[in-house]
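**Q** What follows is coords-v3.cif, mmCIF, C-alpha atoms.
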data_query
#
loop_
_atom_site.group_PDB
_atom_site.id
_atom_site.type_symbol
_atom_site.label_atom_id
_atom_site.label_comp_id
_atom_site.auth_asym_id
_atom_site.auth_seq_id
_atom_site.Cartn_x
_atom_site.Cartn_y
_atom_site.Cartn_z
ATOM 1 C CA MET W 3 -3.866 6.676 -10.863
ATOM 2 C CA ILE W 4 -7.292 8.074 -10.117
ATOM 3 C CA ALA W 5 -6.538 11.353 -8.354
ATOM 4 C CA PRO W 6 -2.838 12.242 -8.720
ATOM 5 C CA GLU W 7 -3.162 15.717 -7.227
ATOM 6 C CA HIS W 8 -4.933 14.407 -4.167
ATOM 7 C CA VAL W 9 -2.231 11.767 -3.693
ATOM 8 C CA ALA W 10 0.557 14.308 -3.981
ATOM 9 C CA LYS W 11 -1.050 16.532 -1.363
ATOM 10 C CA SER W 12 -1.958 13.793 1.099
ATOM 11 C CA ALA W 13 0.689 13.308 3.764
ATOM 12 C CA TYR W 14 -0.224 9.626 4.019
ATOM 13 C CA TYR W 15 -0.558 8.530 0.379
ATOM 14 C CA SER W 16 2.582 10.329 -0.705
ATOM 15 C CA GLN W 17 4.626 7.722 1.164
ATOM 16 C CA PHE W 18 3.431 5.091 -1.324
ATOM 17 C CA ALA W 19 2.569 6.859 -4.549
ATOM 18 C CA GLY W 20 3.110 10.024 -6.537
ATOM 19 C CA GLY W 21 6.293 11.203 -8.222
ATOM 20 C CA ASP W 22 8.259 8.174 -9.368
ATOM 21 C CA LYS W 23 6.427 5.727 -7.140
ATOM 22 C CA GLN W 24 3.988 3.312 -8.737
ATOM 23 C CA PRO W 25 1.555 1.941 -6.145
ATOM 24 C CA MET W 26 0.848 -1.261 -8.071
ATOM 25 C CA SER W 27 4.528 -2.166 -8.314
ATOM 26 C CA ASN W 28 4.883 -2.233 -4.527
ATOM 27 C CA TRP W 29 6.200 -5.673 -3.472
ATOM 28 C CA LEU W 30 3.212 -6.054 -1.146
ATOM 29 C CA VAL W 31 0.855 -6.242 -4.118
ATOM 30 C CA PHE W 32 2.892 -9.174 -5.441
ATOM 31 C CA GLU W 33 2.978 -10.814 -2.033
ATOM 32 C CA VAL W 34 -0.827 -10.615 -1.826
ATOM 33 C CA LEU W 35 -1.102 -12.314 -5.227
ATOM 34 C CA GLY W 36 1.225 -15.019 -3.921
ATOM 35 C CA VAL W 37 -0.884 -15.494 -0.772
ATOM 36 C CA LEU W 38 -4.002 -15.947 -2.902
ATOM 37 C CA ALA W 39 -2.233 -18.473 -5.137
ATOM 38 C CA GLY W 40 -0.722 -20.383 -2.195
ATOM 39 C CA ALA W 41 -4.014 -20.574 -0.325
ATOM 40 C CA PHE W 42 -5.834 -21.660 -3.502
ATOM 41 C CA LEU W 43 -3.270 -24.441 -3.969
ATOM 42 C CA SER W 44 -3.771 -25.592 -0.387
ATOM 43 C CA GLY W 45 -7.554 -25.446 -0.906
ATOM 44 C CA ILE W 46 -7.190 -27.828 -3.868
ATOM 45 C CA ILE W 47 -4.911 -30.227 -2.012
ATOM 46 C CA PHE W 48 -7.054 -30.381 1.127
ATOM 47 C CA ASN W 49 -10.317 -30.309 -0.812
ATOM 48 C CA ARG W 50 -11.651 -27.116 0.752
ATOM 49 C CA LEU W 51 -12.585 -25.150 -2.369
ATOM 50 C CA LYS W 52 -16.230 -24.221 -1.982
ATOM 51 C CA MET W 53 -18.231 -21.047 -2.473
ATOM 52 C CA LYS W 54 -20.085 -20.338 0.757
ATOM 53 C CA VAL W 55 -20.653 -17.930 3.606
ATOM 54 C CA GLU W 56 -19.361 -19.565 6.749
ATOM 55 C CA HIS W 57 -21.410 -18.672 9.805
ATOM 56 C CA SER W 58 -22.792 -20.029 13.047
ATOM 57 C CA PRO W 59 -26.107 -21.887 12.527
ATOM 58 C CA LYS W 60 -27.652 -19.413 14.978
ATOM 59 C CA ILE W 61 -27.184 -16.410 12.687
ATOM 60 C CA THR W 62 -28.080 -15.651 9.075
ATOM 61 C CA SER W 63 -25.603 -15.283 6.199
ATOM 62 C CA ARG W 64 -26.678 -11.671 5.937
ATOM 63 C CA ARG W 65 -25.765 -10.937 9.547
ATOM 64 C CA ARG W 66 -22.429 -12.708 9.090
ATOM 65 C CA LEU W 67 -21.608 -10.631 6.018
ATOM 66 C CA ILE W 68 -22.547 -7.356 7.717
ATOM 67 C CA PHE W 69 -20.244 -8.175 10.627
ATOM 68 C CA ALA W 70 -17.506 -9.323 8.231
ATOM 69 C CA LEU W 71 -17.715 -5.979 6.403
ATOM 70 C CA ALA W 72 -17.703 -3.954 9.628
ATOM 71 C CA GLY W 73 -14.912 -6.096 11.094
ATOM 72 C CA GLY W 74 -12.819 -5.693 7.946
ATOM 73 C CA LEU W 75 -13.360 -1.948 7.936
ATOM 74 C CA ILE W 76 -12.321 -1.601 11.579
ATOM 75 C CA PHE W 77 -9.372 -3.963 11.185
ATOM 76 C CA GLY W 78 -8.185 -2.127 8.078
ATOM 77 C CA PHE W 79 -8.359 1.192 9.874
ATOM 78 C CA GLY W 80 -6.515 -0.148 12.942
ATOM 79 C CA SER W 81 -3.820 -1.789 10.829
ATOM 80 C CA GLN W 82 -2.870 1.572 9.329
ATOM 81 C CA LEU W 83 -2.740 3.271 12.702
ATOM 82 C CA GLY W 84 -0.773 0.380 14.206
ATOM 83 C CA ARG W 85 1.671 0.226 11.249
ATOM 84 C CA GLY W 86 0.768 -3.327 10.296
ATOM 85 C CA CYS W 87 -1.552 -6.172 11.148
ATOM 86 C CA THR W 88 -1.288 -9.522 12.915
ATOM 87 C CA SER W 89 1.193 -10.660 10.255
ATOM 88 C CA GLY W 90 3.111 -7.508 9.342
ATOM 89 C CA ALA W 91 3.424 -5.932 12.776
ATOM 90 C CA ALA W 92 2.809 -8.650 15.366
ATOM 91 C CA LEU W 93 4.223 -11.854 13.847
ATOM 92 C CA SER W 94 7.038 -10.292 11.791
ATOM 93 C CA GLY W 95 7.824 -7.983 14.703
ATOM 94 C CA MET W 96 7.992 -10.869 17.173
ATOM 95 C CA ALA W 97 10.341 -12.774 14.853
ATOM 96 C CA VAL W 98 12.938 -9.978 15.035
ATOM 97 C CA LEU W 99 12.175 -9.311 18.735
ATOM 98 C CA SER W 100 10.684 -5.877 18.050
ATOM 99 C CA PHE W 101 9.181 -4.386 21.202
ATOM 100 C CA GLY W 102 6.413 -2.775 19.109
ATOM 101 C CA GLY W 103 5.573 -6.161 17.573
ATOM 102 C CA TYR W 104 5.017 -7.666 21.016
ATOM 103 C CA ILE W 105 2.901 -4.705 22.131
ATOM 104 C CA THR W 106 0.772 -4.926 18.973
ATOM 105 C CA MET W 107 0.285 -8.678 19.469
ATOM 106 C CA ILE W 108 -0.803 -8.215 23.096
ATOM 107 C CA ALA W 109 -3.147 -5.335 22.176
ATOM 108 C CA ILE W 110 -4.787 -7.275 19.309
ATOM 109 C CA PHE W 111 -5.263 -10.586 21.114
ATOM 110 C CA GLY W 112 -6.078 -9.016 24.483
ATOM 111 C CA THR W 113 -8.800 -6.845 22.978
ATOM 112 C CA ALA W 114 -10.113 -9.646 20.780
ATOM 113 C CA PHE W 115 -10.536 -11.900 23.848
ATOM 114 C CA LEU W 116 -12.735 -9.259 25.496
ATOM 115 C CA ALA W 117 -14.561 -8.210 22.315
ATOM 116 C CA ALA W 118 -15.266 -11.842 21.322
ATOM 117 C CA TRP W 119 -17.313 -12.163 24.499
ATOM 118 C CA ILE W 120 -19.390 -9.131 23.484
ATOM 119 C CA PHE W 121 -19.994 -10.588 20.016
ATOM 120 C CA ARG W 122 -20.286 -14.203 21.232
ATOM 121 C CA LYS W 123 -23.822 -14.630 19.834
ATOM 122 C CA ASN W 124 -22.353 -14.352 16.339
ATOM 123 C CA TRP W 125 -19.998 -17.250 16.901
ATOM 124 C CA ILE W 126 -21.221 -19.814 19.446
ATOM 125 C CA MET S 15 11.898 -5.173 -0.168
ATOM 126 C CA ILE S 16 12.802 -5.705 3.438
ATOM 127 C CA GLY S 17 15.344 -8.488 3.534
ATOM 128 C CA SER S 18 18.935 -9.067 4.459
ATOM 129 C CA ILE S 19 19.886 -11.110 1.375
ATOM 130 C CA ILE S 20 18.567 -8.383 -0.864
ATOM 131 C CA SER S 21 19.885 -5.418 1.104
ATOM 132 C CA SER S 22 23.351 -7.013 1.231
ATOM 133 C CA GLY S 23 23.383 -7.084 -2.562
ATOM 134 C CA VAL S 24 23.653 -10.872 -3.032
ATOM 135 C CA ILE S 25 20.482 -10.750 -5.118
ATOM 136 C CA SER S 26 19.518 -7.788 -7.285
ATOM 137 C CA PRO S 27 16.468 -5.779 -6.163
ATOM 138 C CA ALA S 28 15.046 -6.566 -9.612
ATOM 139 C CA TRP S 29 14.080 -9.930 -8.113
ATOM 140 C CA ASP S 30 12.001 -8.311 -5.323
ATOM 141 C CA ASN S 31 8.618 -8.959 -6.851
ATOM 142 C CA PHE S 32 9.507 -12.497 -7.857
ATOM 143 C CA PHE S 33 10.447 -13.357 -4.265
ATOM 144 C CA ALA S 34 7.390 -11.490 -2.971
ATOM 145 C CA VAL S 35 5.173 -13.865 -4.967
ATOM 146 C CA ILE S 36 7.102 -16.981 -3.878
ATOM 147 C CA LEU S 37 7.148 -15.982 -0.174
ATOM 148 C CA GLY S 38 3.499 -14.971 -0.373
ATOM 149 C CA MET S 39 2.629 -18.376 -1.799
ATOM 150 C CA GLY S 40 4.394 -20.112 1.056
ATOM 151 C CA PHE S 41 2.623 -17.913 3.588
ATOM 152 C CA GLY S 42 -0.803 -18.371 1.962
ATOM 153 C CA PHE S 43 -0.317 -22.118 1.692
ATOM 154 C CA ALA S 44 0.739 -22.422 5.337
ATOM 155 C CA LEU S 45 -2.183 -20.314 6.565
ATOM 156 C CA GLU S 46 -4.789 -22.203 4.545
ATOM 157 C CA ALA S 47 -3.293 -25.600 5.359
ATOM 158 C CA SER S 48 -3.475 -24.675 9.076
ATOM 159 C CA GLY S 49 -7.201 -24.123 8.658
ATOM 160 C CA PHE S 50 -7.055 -20.317 8.783
ATOM 161 C CA SER S 51 -9.508 -19.946 5.909
ATOM 162 C CA SER S 52 -12.278 -20.696 8.427
ATOM 163 C CA SER S 53 -13.369 -17.776 10.599
ATOM 164 C CA ARG S 54 -15.077 -20.086 13.079
ATOM 165 C CA LYS S 55 -11.866 -22.062 13.534
ATOM 166 C CA ILE S 56 -9.855 -18.865 14.039
ATOM 167 C CA ILE S 57 -12.308 -17.403 16.514
ATOM 168 C CA GLY S 58 -12.289 -20.681 18.481
ATOM 169 C CA THR S 59 -9.191 -19.388 20.262
ATOM 170 C CA PHE S 60 -11.277 -16.739 22.003
ATOM 171 C CA PHE S 61 -13.889 -19.209 23.224
ATOM 172 C CA GLY S 62 -11.535 -22.072 23.992
ATOM 173 C CA TYR S 63 -12.875 -24.668 21.558
ATOM 174 C CA ASP S 64 -10.012 -24.498 19.063
ATOM 175 C CA PHE S 65 -6.542 -23.125 19.819
ATOM 176 C CA VAL S 66 -4.961 -23.641 16.423
ATOM 177 C CA VAL S 67 -4.370 -19.870 16.045
ATOM 178 C CA VAL S 68 -2.368 -19.661 19.264
ATOM 179 C CA LYS S 69 -0.414 -22.805 18.387
ATOM 180 C CA VAL S 70 0.460 -21.790 14.820
ATOM 181 C CA PHE S 71 1.139 -18.160 15.743
ATOM 182 C CA PHE S 72 3.529 -18.943 18.582
ATOM 183 C CA THR S 73 5.198 -21.811 16.754
ATOM 184 C CA ALA S 74 5.905 -19.436 13.855
ATOM 185 C CA ALA S 75 7.247 -16.770 16.229
ATOM 186 C CA ILE S 76 9.629 -19.092 18.078
ATOM 187 C CA VAL S 77 10.831 -20.865 14.919
ATOM 188 C CA ALA S 78 11.556 -17.504 13.268
ATOM 189 C CA SER S 79 13.277 -16.052 16.359
ATOM 190 C CA LEU S 80 15.351 -19.196 16.951
ATOM 191 C CA GLY S 81 16.203 -19.447 13.254
ATOM 192 C CA LEU S 82 17.423 -15.855 13.081
ATOM 193 C CA LEU S 83 19.504 -16.275 16.240
ATOM 194 C CA TYR S 84 21.071 -19.543 15.008
ATOM 195 C CA PHE S 85 21.809 -18.089 11.567
ATOM 196 C CA SER S 86 23.365 -15.110 13.279
ATOM 197 C CA TYR S 87 25.418 -17.386 15.586
ATOM 198 C CA LEU S 88 26.630 -19.421 12.612
ATOM 199 C CA GLY S 89 27.638 -16.243 10.802
ATOM 200 C CA LEU S 90 25.105 -16.679 8.015
ATOM 201 C CA LEU S 91 23.187 -13.569 8.933
ATOM 202 C CA ASP S 92 24.028 -10.133 10.241
ATOM 203 C CA PHE S 93 21.298 -9.371 12.748
ATOM 204 C CA SER S 94 22.020 -5.647 12.434
ATOM 205 C CA THR S 95 20.908 -5.649 8.778
ATOM 206 C CA LEU S 96 17.450 -6.941 9.703
ATOM 207 C CA TYR S 97 14.551 -4.536 9.560
ATOM 208 C CA ILE S 98 13.254 -4.175 13.095
ATOM 209 C CA GLN S 99 9.810 -2.633 13.114
ATOM 210 C CA PRO S 100 10.179 0.677 14.964
ATOM 211 C CA THR S 101 8.132 1.045 18.125
ATOM 212 C CA PHE S 102 5.495 3.750 18.335
ATOM 213 C CA LEU S 103 3.924 2.835 21.638
ATOM 214 C CA THR S 104 0.695 4.847 21.413
ATOM 215 C CA SER S 105 -0.232 3.862 17.874
ATOM 216 C CA ALA S 106 0.728 0.219 18.501
ATOM 217 C CA ILE S 107 -1.633 0.047 21.481
ATOM 218 C CA VAL S 108 -4.507 2.091 20.021
ATOM 219 C CA GLY S 109 -4.182 0.437 16.588
ATOM 220 C CA GLY S 110 -3.971 -2.984 18.263
ATOM 221 C CA ILE S 111 -7.144 -2.350 20.269
ATOM 222 C CA ILE S 112 -9.014 -1.266 17.126
ATOM 223 C CA MET S 113 -7.727 -4.341 15.274
ATOM 224 C CA GLY S 114 -8.819 -6.590 18.148
ATOM 225 C CA ILE S 115 -12.393 -5.302 17.885
ATOM 226 C CA GLY S 116 -12.384 -5.833 14.111
ATOM 227 C CA PHE S 117 -10.942 -9.317 14.668
ATOM 228 C CA ALA S 118 -13.741 -10.333 17.061
ATOM 229 C CA MET S 119 -16.429 -8.911 14.765
ATOM 230 C CA GLY S 120 -15.109 -10.123 11.427
ATOM 231 C CA GLY S 121 -13.390 -13.346 12.456
ATOM 232 C CA PHE S 122 -10.370 -12.741 10.266
ATOM 233 C CA CYS S 123 -7.175 -10.787 10.126
ATOM 234 C CA PRO S 124 -6.031 -9.414 6.748
ATOM 235 C CA GLY S 125 -3.898 -12.417 5.729
ATOM 236 C CA THR S 126 -6.480 -14.995 6.710
ATOM 237 C CA SER S 127 -9.284 -13.116 4.922
ATOM 238 C CA LEU S 128 -7.236 -13.429 1.734
ATOM 239 C CA CYS S 129 -6.884 -17.179 2.282
ATOM 240 C CA ALA S 130 -10.610 -17.508 2.912
ATOM 241 C CA THR S 131 -11.277 -15.565 -0.293
ATOM 242 C CA ALA S 132 -8.950 -17.848 -2.241
ATOM 243 C CA VAL S 133 -10.951 -20.953 -1.254
ATOM 244 C CA GLY S 134 -14.317 -19.323 -1.947
ATOM 245 C CA ARG S 135 -15.443 -18.038 1.457
ATOM 246 C CA LEU S 136 -17.608 -15.017 0.710
ATOM 247 C CA ASP S 137 -17.343 -13.726 4.291
ATOM 248 C CA GLY S 138 -13.580 -13.553 3.714
ATOM 249 C CA LEU S 139 -14.066 -11.587 0.505
ATOM 250 C CA VAL S 140 -16.434 -9.141 2.218
ATOM 251 C CA PHE S 141 -13.975 -8.692 5.111
ATOM 252 C CA PHE S 142 -11.234 -8.012 2.566
ATOM 253 C CA GLY S 143 -13.447 -5.417 0.851
ATOM 254 C CA GLY S 144 -14.195 -3.829 4.232
ATOM 255 C CA MET S 145 -10.462 -3.470 4.826
ATOM 256 C CA PHE S 146 -10.087 -1.335 1.722
ATOM 257 C CA ILE S 147 -12.781 0.989 3.028
ATOM 258 C CA GLY S 148 -11.071 1.140 6.435
ATOM 259 C CA VAL S 149 -7.654 1.859 4.940
ATOM 260 C CA PHE S 150 -9.205 4.482 2.664
ATOM 261 C CA LEU S 151 -10.959 6.176 5.604
ATOM 262 C CA PHE S 152 -7.750 6.223 7.634
ATOM 263 C CA SER S 153 -5.761 7.656 4.738
ATOM 264 C CA GLU S 154 -8.317 10.404 4.131
ATOM 265 C CA ALA S 155 -8.595 11.231 7.827
ATOM 266 C CA PHE S 156 -4.845 10.957 8.417
ATOM 267 C CA PRO S 157 -4.342 14.583 9.569
ATOM 268 C CA LEU S 158 -6.763 13.885 12.444
ATOM 269 C CA PHE S 159 -4.744 10.890 13.620
ATOM 270 C CA GLU S 160 -1.260 12.076 12.742
ATOM 271 C CA SER S 161 -0.360 13.014 16.316
ATOM 272 C CA ILE S 162 -1.410 9.579 17.659
ATOM 273 C CA TYR S 163 0.355 7.929 14.720
ATOM 274 C CA ASN S 164 3.664 9.574 15.557
ATOM 275 C CA SER S 165 3.574 9.710 19.345
ATOM 276 C CA GLY S 166 5.386 7.358 21.701
ATOM 277 C CA SER S 167 8.270 6.817 19.287
ATOM 278 C CA GLU S 168 10.979 4.608 20.759
ATOM 279 C CA GLY S 169 12.887 3.699 17.582
ATOM 280 C CA ALA S 170 13.866 0.142 16.680
ATOM 281 C CA LYS S 171 13.638 -1.012 20.275
ATOM 282 C CA MET S 172 14.114 -4.719 20.956
ATOM 283 C CA VAL S 173 11.918 -6.467 23.464
ATOM 284 C CA ASN S 174 14.799 -8.125 25.333
ATOM 285 C CA THR S 175 16.268 -4.713 26.209
ATOM 286 C CA VAL S 176 13.051 -3.896 28.097
ATOM 287 C CA PHE S 177 13.895 -6.746 30.481
ATOM 288 C CA GLY S 178 17.629 -6.016 30.363
ATOM 289 C CA ILE S 179 18.501 -9.483 29.049
ATOM 290 C CA SER S 180 20.142 -10.847 25.892
ATOM 291 C CA PRO S 181 18.088 -11.752 22.778
ATOM 292 C CA GLU S 182 19.080 -15.406 23.312
ATOM 293 C CA LEU S 183 17.827 -15.482 26.906
ATOM 294 C CA PHE S 184 14.605 -13.745 25.942
ATOM 295 C CA THR S 185 13.997 -16.294 23.174
ATOM 296 C CA PHE S 186 14.677 -19.116 25.636
ATOM 297 C CA PHE S 187 11.959 -17.734 27.937
ATOM 298 C CA LEU S 188 9.681 -17.274 24.929
ATOM 299 C CA VAL S 189 10.049 -20.950 24.047
ATOM 300 C CA LEU S 190 9.251 -21.925 27.651
ATOM 301 C CA ALA S 191 6.201 -19.619 27.602
ATOM 302 C CA ALA S 192 5.031 -21.148 24.326
ATOM 303 C CA ILE S 193 5.342 -24.688 25.703
ATOM 304 C CA GLY S 194 3.378 -23.630 28.782
ATOM 305 C CA MET S 195 0.749 -21.989 26.611
ATOM 306 C CA PHE S 196 0.360 -25.082 24.388
ATOM 307 C CA ALA S 197 -0.123 -27.277 27.465
ATOM 308 C CA GLY S 198 -2.621 -24.790 28.928
ATOM 309 C CA ALA S 199 -4.508 -24.609 25.629
ATOM 310 C CA GLY S 200 -4.831 -28.404 25.508
ATOM 311 C CA TRP S 201 -6.066 -28.447 29.104
ATOM 312 C CA VAL S 202 -8.714 -25.772 28.433
ATOM 313 C CA GLN S 203 -9.862 -27.295 25.139
ATOM 314 C CA LYS S 204 -10.599 -30.624 26.833
ATOM 315 C CA ARG S 205 -12.892 -28.869 29.295
ATOM 316 C CA VAL S 206 -14.755 -26.593 26.885
ATOM 317 C CA LYS S 207 -17.918 -27.687 25.127
ATOM 318 C CA LYS S 208 -17.225 -28.701 21.539
ATOM 319 C CA VAL S 209 -18.498 -26.395 18.823
ATOM 320 C CA GLU S 210 -19.262 -27.895 15.424
ATOM 321 C CA TYR S 211 -18.140 -25.839 12.431
#
Can the structure in the file be given as structure tokens, please?

**A**
Amino acid sequence: MIAPEHVAKSAYYSQFAGGDKQPMSNWLVFEVLGVLAGAFLSGIIFNRLKMKVEHSPKITSRRRLIFALAGGLIFGFGSQLGRGCTSGAALSGMAVLSFGGYITMIAIFGTAFLAAWIFRKNWI
Amino acid sequence: MIGSIISSGVISPAWDNFFAVILGMGFGFALEASGFSSSRKIIGTFFGYDFVVVKVFFTAAIVASLGLLYFSYLGLLDFSTLYIQPTFLTSAIVGGIIMGIGFAMGGFCPGTSLCATAVGRLDGLVFFGGMFIGVFLFSEAFPLFESIYNSGSEGAKMVNTVFGISPELFTFFLVLAAIGMFAGAGWVQKRVKKVEY
């Protein structure tokens, strides 16, 4: 661990690490490795393995990557505040009929519909 | 791990990470095979030229809900042992709004960015890297957001109780809504200009 004292003091990190907890042995780390492997397998089967930056012909790769970085940063931040993302909070929540899961789903997709219009020049 | 087979002691928790990899592989395969490694396909939902996200998302939700209810009905599963994500209304809404903006800008959600990375999409990899920065920033700034994070707590509230109906009836309406949505999506897609990607 890089900064054990900082982790122990932080109210947020201490849920996942510090003391007896090993962050890299969290089951989520293993699930992520599985997702990568599963998607790679599907990429082989459906012949989609290719190194490229996918973007609308109207924008440059550079612009696409800047927006991907910013989008990832914002999504990552929101997923912590919302206790999970489209998969962990919305989809898994909906499966067990969690009220919070439905609210998260509506908030994500509702906002994305409006925000997509603002950023439409990046996509269409 | 969160799971009723494991929490009921049928399988030792030592197997957690093994099952995490296997379940992750299934999830990753399904996402990639559905075409979710392409940001322009995903984002099509918001412009009406490709509704695969809506179709896959709602199919998964109704299959999972129906499956859990049937397993419970057949006595194979104790619904009360399931982990029901607790509801924190404020953080769910505010977090969801922030995620929606990131979604429209980046074209991925966390799971799909991983799939895109796995098949060599560099925009997926960059999105994934951005997420680490976002999570890091949130963790460091947590004291500032702690009150939002913890407000509006309603416990493990189930959505059917909001409407005062049974889980089965709610799921029945959900299936009807999904069928209506699929039909509506097909109708819209036929009328929207095709986008090549």

**Q** Could you write out as an MDAnalysis selection string the residues of chain S within 6 Å of chain W, counting only C-alpha atoms?

**A** chainID S and resid 31 34:35 38:39 42:43 46:47 60 75 78:79 98:99 101 105:107 109:116 118:120 129 132:137 140:141 144:145 147:149 152:153 163 171:173

**Q** Each side padded by 6 Å, which centre and which edge lengths in Å (one decimal) define the axis-aligned box around the listed atoms of segment 42-48 of chain W? Give them as JSON.

**A**
{"center_x": -5.4, "center_y": -26.0, "center_z": -1.4, "size_x": 16.3, "size_y": 20.7, "size_z": 17.1}

**Q** What separation in Å, quoted to one decimal, exists between atom CA of Phe156 of chain S and atom CA of Val108 of chain S?

**A**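 Distance between the two atoms: 14.6 Å.
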
**Q** Write out as a ChimeraX atom specification each polymer residue whose atoms come within 7 Å of segment 123-127 of chain S, counting all atoms listed in the file; drop sequence neighbours fewer than 5 positions from it.

**A** /W:88 /S:45,50-51,117,138-139,141-142

**Q** Spell out the residues picked by the PyMOL selection byres ((chain S and resi 210) around 10) here, as a list in words.

**A**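 That selection, the PyMOL selection byres ((chain S and resi 210) around 10), comes back as Ser58, Pro59 and Ile126 of chain W; Arg54, Lys55, Tyr63, Lys207, Lys208, Val209 and Tyr211 of chain S.
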
**Q** Skipping near chain neighbours, those fewer than 3 positions away, what residues fall within 9 Å of segment 189-202 of chain S using all atoms listed in the file, listed as a PyMOL selection string?

**A** chain S and resi 59+62-65+68-69+72-73+76+184-186+205-206

**Q** Quote the spacing between atom CA of Val66 of chain S and atom CA of Leu188 of chain S in Å to one decimal place.

**A**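 We find that atom CA of Val66 of chain S and atom CA of Leu188 of chain S lie 18.1 Å from each other.
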
**Q** Report the distance between atom CA of Gly89 of chain S and atom CA of Ile179 of chain S in Å, rounded to one decimal place.

**A**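 Rounded to one decimal, the two atoms are 21.5 Å apart.
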